[in-house]
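K.L.:
Mind looking over this structure? Questions follow.
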Amino acid sequence: MLLSAILDQLAKGELSTLANEYDEHTSGALDYGSHESVIPHINLGLTALHTRFPLRKGKVIVQQFEAVSTYYLELDYAASTNSNVTDPTHYIADTNVSPFLSNILRIEKVIDELGELLPLNDPSEDTSLWMPQFNALEVPFPSDNVTMTVHFRANHPEVTNDDFDPETTKVLLPQAYLNCLLLFVAARVHASVPSLEGTNNGAMYEAKYERACMEIEHKGMVHKDESPQTKFSSRGFV
């Protein structure tokens, strides 16, 4: 959908009572010169939705090295930043044509070279991989010339205020999730108003956002097999 559609919905709906805070066209849309105050909330809302729901996937190949036990999935370790050469400090096997974007929200699963699922966060497996943080993997027995493919839940492309046109800027979000995004933005914007009314309205929209997300989950629109690969819950560790 176009960014202009999101901004128009906000101006005519959830943010319409804040007309004094924003310049408006006669049509009710937020003036494009004042979007700087709204775009950060939209980005946060998109990240919240991409974190909660499997809206965008990604995968990256990691080259193991015997000398490296912890692999951080960050741009600094990508081969594309090292003339497409993998070494112990550039173990992410990406290319300039298809670079790693460092847009991981959480790791979903890890596959070996034979297409087998590797154990992850499984205390019953001696060879289990571990996640010391959301974008890192600890390998108990790393080996040279071995690769693994990391599948992850990916974040959205950031909407920026630099030389953008709302009439042409696309936001990659399914239509079914638009209401959730509008409510998230409304909650943050209203809560930023320094008054009791602002605080109350922010809390109201936050509750509406949570209900809207739960409605999507109850309608079965979320793929249950996209949950992170871990046996902690099933084994009573959390």
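Residues are named by chain letter and number: chains run A, B, ... in the order of the structure tokens, numbers start at 1 in each chain, and ligands are numbered from 1 in the order shown.
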Counting only C-alpha atoms, which residues of range 116-192 of chain A sit at most 9 Å from some atom of range 38-62 of chain A, and what is each one's closest atom pair with its distance in Å to one decimal, listed by chain and rising residue number, as JSON lines?

P.N.:
```
{"residue": "A:Val146", "atom": "CA", "partner": "A:Val62", "partner_atom": "CA", "distance": 8.6}
{"residue": "A:Thr147", "atom": "CA", "partner": "A:Val62", "partner_atom": "CA", "distance": 5.5}
{"residue": "A:Met148", "atom": "CA", "partner": "A:Val62", "partner_atom": "CA", "distance": 5.4}
{"residue": "A:Thr149", "atom": "CA", "partner": "A:Ile61", "partner_atom": "CA", "distance": 4.4}
{"residue": "A:Val150", "atom": "CA", "partner": "A:Val60", "partner_atom": "CA", "distance": 5.3}
{"residue": "A:His151", "atom": "CA", "partner": "A:Lys59", "partner_atom": "CA", "distance": 4.3}
{"residue": "A:Phe152", "atom": "CA", "partner": "A:Gly58", "partner_atom": "CA", "distance": 5.3}
{"residue": "A:Arg153", "atom": "CA", "partner": "A:Lys57", "partner_atom": "CA", "distance": 4.9}
{"residue": "A:Ala154", "atom": "CA", "partner": "A:Lys57", "partner_atom": "CA", "distance": 5.1}
{"residue": "A:Asn155", "atom": "CA", "partner": "A:His50", "partner_atom": "CA", "distance": 5.9}
{"residue": "A:His156", "atom": "CA", "partner": "A:Thr47", "partner_atom": "CA", "distance": 6.6}
{"residue": "A:Pro157", "atom": "CA", "partner": "A:Asn43", "partner_atom": "CA", "distance": 8.9}
{"residue": "A:Glu158", "atom": "CA", "partner": "A:Asn43", "partner_atom": "CA", "distance": 6.3}
{"residue": "A:Val159", "atom": "CA", "partner": "A:Asn43", "partner_atom": "CA", "distance": 6.4}
{"residue": "A:Thr160", "atom": "CA", "partner": "A:Ile39", "partner_atom": "CA", "distance": 7.2}
{"residue": "A:Asn161", "atom": "CA", "partner": "A:Ile39", "partner_atom": "CA", "distance": 7.3}
{"residue": "A:Leu173", "atom": "CA", "partner": "A:Leu55", "partner_atom": "CA", "distance": 7.7}
{"residue": "A:Pro174", "atom": "CA", "partner": "A:Leu55", "partner_atom": "CA", "distance": 8.2}
{"residue": "A:Tyr177", "atom": "CA", "partner": "A:Leu49", "partner_atom": "CA", "distance": 8.0}
{"residue": "A:Cys180", "atom": "CA", "partner": "A:Leu49", "partner_atom": "CA", "distance": 8.0}
{"residue": "A:Leu181", "atom": "CA", "partner": "A:Gly45", "partner_atom": "CA", "distance": 5.6}
{"residue": "A:Leu182", "atom": "CA", "partner": "A:Ile42", "partner_atom": "CA", "distance": 8.2}
{"residue": "A:Leu183", "atom": "CA", "partner": "A:Gly45", "partner_atom": "CA", "distance": 8.9}
{"residue": "A:Phe184", "atom": "CA", "partner": "A:Gly45", "partner_atom": "CA", "distance": 5.8}
{"residue": "A:Val185", "atom": "CA", "partner": "A:His41", "partner_atom": "CA", "distance": 5.4}
{"residue": "A:Ala186", "atom": "CA", "partner": "A:His41", "partner_atom": "CA", "distance": 8.6}
{"residue": "A:Arg188", "atom": "CA", "partner": "A:His41", "partner_atom": "CA", "distance": 6.9}
{"residue": "A:Val189", "atom": "CA", "partner": "A:His41", "partner_atom": "CA", "distance": 7.6}
```

K.L.:
As a PyMOL selection string, which residues of chain A does DSSP assign to strand (DSSP E)?

P.N.:
chain A and resi 57-63+70-72+104-112+136-138+147-154

K.L.:
Closest to Phe65 in chain A among A:Asn103, A:Ser128, A:Ser4, A:Ser143, using only C-alpha atoms?

P.N.:
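Of all the options, A:Ser143 lies closest to Phe65 in chain A.
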
K.L.:
Hey, what does DSSP flag as alpha helix (DSSP H) within range 11-211 of chain A? Can you give it to me as a count of residues only?

P.N.:
46

K.L.:
Residues at most 7 Å from range 137-141 of chain A, counting only C-alpha atoms, excluding those fewer than 5 positions away in the same chain, as JSON, numbers by chain?

P.N.:
{"A": [69, 70, 71, 72, 127, 129, 130, 131, 132]}

K.L.:
Just write the chosen residues, all heavy atoms, as a PDB file, in the first residue's frame.

P.N.:
```pdb
ATOM      1  N   SER A  69      33.346 -19.630  17.519  1.00  0.00           N
ATOM      2  CA  SER A  69      32.272 -20.371  18.175  1.00  0.00           C
ATOM      3  C   SER A  69      30.964 -19.590  18.249  1.00  0.00           C
ATOM      4  O   SER A  69      29.890 -20.174  18.331  1.00  0.00           O
ATOM      5  CB  SER A  69      32.693 -20.788  19.587  1.00  0.00           C
ATOM      6  OG  SER A  69      33.008 -19.642  20.366  1.00  0.00           O
ATOM      7  N   THR A  70      31.053 -18.258  18.204  1.00  0.00           N
ATOM      8  CA  THR A  70      29.856 -17.422  18.239  1.00  0.00           C
ATOM      9  C   THR A  70      29.768 -16.606  16.962  1.00  0.00           C
ATOM     10  O   THR A  70      30.724 -15.908  16.598  1.00  0.00           O
ATOM     11  CB  THR A  70      29.863 -16.475  19.455  1.00  0.00           C
ATOM     12  OG1 THR A  70      29.978 -17.242  20.654  1.00  0.00           O
ATOM     13  CG2 THR A  70      28.570 -15.672  19.510  1.00  0.00           C
ATOM     14  N   TYR A  71      28.620 -16.704  16.284  1.00  0.00           N
ATOM     15  CA  TYR A  71      28.427 -16.044  14.994  1.00  0.00           C
ATOM     16  C   TYR A  71      27.364 -14.960  15.148  1.00  0.00           C
ATOM     17  O   TYR A  71      26.204 -15.254  15.430  1.00  0.00           O
ATOM     18  CB  TYR A  71      28.014 -17.077  13.937  1.00  0.00           C
ATOM     19  CG  TYR A  71      29.101 -18.100  13.686  1.00  0.00           C
ATOM     20  CD1 TYR A  71      29.230 -19.216  14.520  1.00  0.00           C
ATOM     21  CD2 TYR A  71      30.016 -17.943  12.648  1.00  0.00           C
ATOM     22  CE1 TYR A  71      30.242 -20.150  14.313  1.00  0.00           C
ATOM     23  CE2 TYR A  71      31.031 -18.868  12.438  1.00  0.00           C
ATOM     24  CZ  TYR A  71      31.136 -19.963  13.275  1.00  0.00           C
ATOM     25  OH  TYR A  71      32.148 -20.862  13.066  1.00  0.00           O
ATOM     26  N   TYR A  72      27.790 -13.722  14.954  1.00  0.00           N
ATOM     27  CA  TYR A  72      26.887 -12.583  15.067  1.00  0.00           C
ATOM     28  C   TYR A  72      26.364 -12.231  13.682  1.00  0.00           C
ATOM     29  O   TYR A  72      27.147 -11.980  12.762  1.00  0.00           O
ATOM     30  CB  TYR A  72      27.609 -11.382  15.681  1.00  0.00           C
ATOM     31  CG  TYR A  72      28.078 -11.633  17.096  1.00  0.00           C
ATOM     32  CD1 TYR A  72      29.369 -12.112  17.341  1.00  0.00           C
ATOM     33  CD2 TYR A  72      27.228 -11.414  18.179  1.00  0.00           C
ATOM     34  CE1 TYR A  72      29.793 -12.364  18.639  1.00  0.00           C
ATOM     35  CE2 TYR A  72      27.652 -11.652  19.476  1.00  0.00           C
ATOM     36  CZ  TYR A  72      28.927 -12.131  19.700  1.00  0.00           C
ATOM     37  OH  TYR A  72      29.350 -12.389  20.987  1.00  0.00           O
ATOM     38  N   THR A 127      24.798 -31.279  20.884  1.00  0.00           N
ATOM     39  CA  THR A 127      25.209 -30.507  19.709  1.00  0.00           C
ATOM     40  C   THR A 127      24.307 -29.312  19.445  1.00  0.00           C
ATOM     41  O   THR A 127      24.398 -28.687  18.390  1.00  0.00           O
ATOM     42  CB  THR A 127      25.222 -31.410  18.470  1.00  0.00           C
ATOM     43  OG1 THR A 127      23.897 -31.949  18.262  1.00  0.00           O
ATOM     44  CG2 THR A 127      26.214 -32.555  18.629  1.00  0.00           C
ATOM     45  N   LEU A 129      22.661 -25.783  19.082  1.00  0.00           N
ATOM     46  CA  LEU A 129      23.083 -24.395  18.945  1.00  0.00           C
ATOM     47  C   LEU A 129      22.363 -23.575  20.008  1.00  0.00           C
ATOM     48  O   LEU A 129      21.290 -23.944  20.482  1.00  0.00           O
ATOM     49  CB  LEU A 129      22.736 -23.862  17.556  1.00  0.00           C
ATOM     50  CG  LEU A 129      23.199 -24.682  16.350  1.00  0.00           C
ATOM     51  CD1 LEU A 129      22.768 -23.990  15.063  1.00  0.00           C
ATOM     52  CD2 LEU A 129      24.698 -24.887  16.374  1.00  0.00           C
ATOM     53  N   TRP A 130      22.951 -22.437  20.350  1.00  0.00           N
ATOM     54  CA  TRP A 130      22.348 -21.575  21.374  1.00  0.00           C
ATOM     55  C   TRP A 130      22.333 -20.133  20.878  1.00  0.00           C
ATOM     56  O   TRP A 130      23.188 -19.726  20.095  1.00  0.00           O
ATOM     57  CB  TRP A 130      23.125 -21.661  22.693  1.00  0.00           C
ATOM     58  CG  TRP A 130      23.036 -23.020  23.311  1.00  0.00           C
ATOM     59  CD1 TRP A 130      23.882 -24.078  23.113  1.00  0.00           C
ATOM     60  CD2 TRP A 130      22.012 -23.493  24.184  1.00  0.00           C
ATOM     61  NE1 TRP A 130      23.454 -25.172  23.818  1.00  0.00           N
ATOM     62  CE2 TRP A 130      22.310 -24.840  24.487  1.00  0.00           C
ATOM     63  CE3 TRP A 130      20.879 -22.891  24.749  1.00  0.00           C
ATOM     64  CZ2 TRP A 130      21.512 -25.607  25.330  1.00  0.00           C
ATOM     65  CZ3 TRP A 130      20.088 -23.659  25.596  1.00  0.00           C
ATOM     66  CH2 TRP A 130      20.398 -25.005  25.876  1.00  0.00           C
ATOM     67  N   MET A 131      21.347 -19.405  21.346  1.00  0.00           N
ATOM     68  CA  MET A 131      21.227 -17.995  20.981  1.00  0.00           C
ATOM     69  C   MET A 131      21.538 -17.126  22.196  1.00  0.00           C
ATOM     70  O   MET A 131      20.674 -16.913  23.045  1.00  0.00           O
ATOM     71  CB  MET A 131      19.819 -17.691  20.462  1.00  0.00           C
ATOM     72  CG  MET A 131      19.512 -18.302  19.121  1.00  0.00           C
ATOM     73  SD  MET A 131      17.915 -17.733  18.441  1.00  0.00           S
ATOM     74  CE  MET A 131      16.774 -18.390  19.655  1.00  0.00           C
ATOM     75  N   PRO A 132      22.763 -16.614  22.314  1.00  0.00           N
ATOM     76  CA  PRO A 132      23.093 -15.725  23.432  1.00  0.00           C
ATOM     77  C   PRO A 132      22.391 -14.378  23.320  1.00  0.00           C
ATOM     78  O   PRO A 132      22.248 -13.655  24.310  1.00  0.00           O
ATOM     79  CB  PRO A 132      24.610 -15.569  23.326  1.00  0.00           C
ATOM     80  CG  PRO A 132      24.911 -15.793  21.879  1.00  0.00           C
ATOM     81  CD  PRO A 132      23.925 -16.833  21.433  1.00  0.00           C
TER      82      PRO A 132
END
```

K.L.:
Write out as a PyMOL selection string which residues come within 12 Å of Thr81 in chain A when counting only C-alpha atoms, dropping same-chain ones fewer than 4 positions away.

P.N.:
chain A and resi 74-77+85-87+89-101

K.L.:
I'd like the interatomic distance between CA of Val110 in chain A and CA of His218 in chain A, to a tenth of an Å.

P.N.:
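Here the two named atoms are 28.3 Å from each other.
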
K.L.:
Could you check the closest approach to Leu178 in chain A for each of A:Ala212, A:Met204, A:Asp162, A:Leu117 and tell me which residue wins, using only C-alpha atoms?

P.N.:
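Once distances to Leu178 in chain A are computed over only C-alpha atoms, the minimum belongs to A:Ala212.
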
K.L.:
Figure out the distance between CA of Gly220 in chain A and CA of Asp8 in chain A, please, to one decimal in Å.

P.N.:
29.0 Å
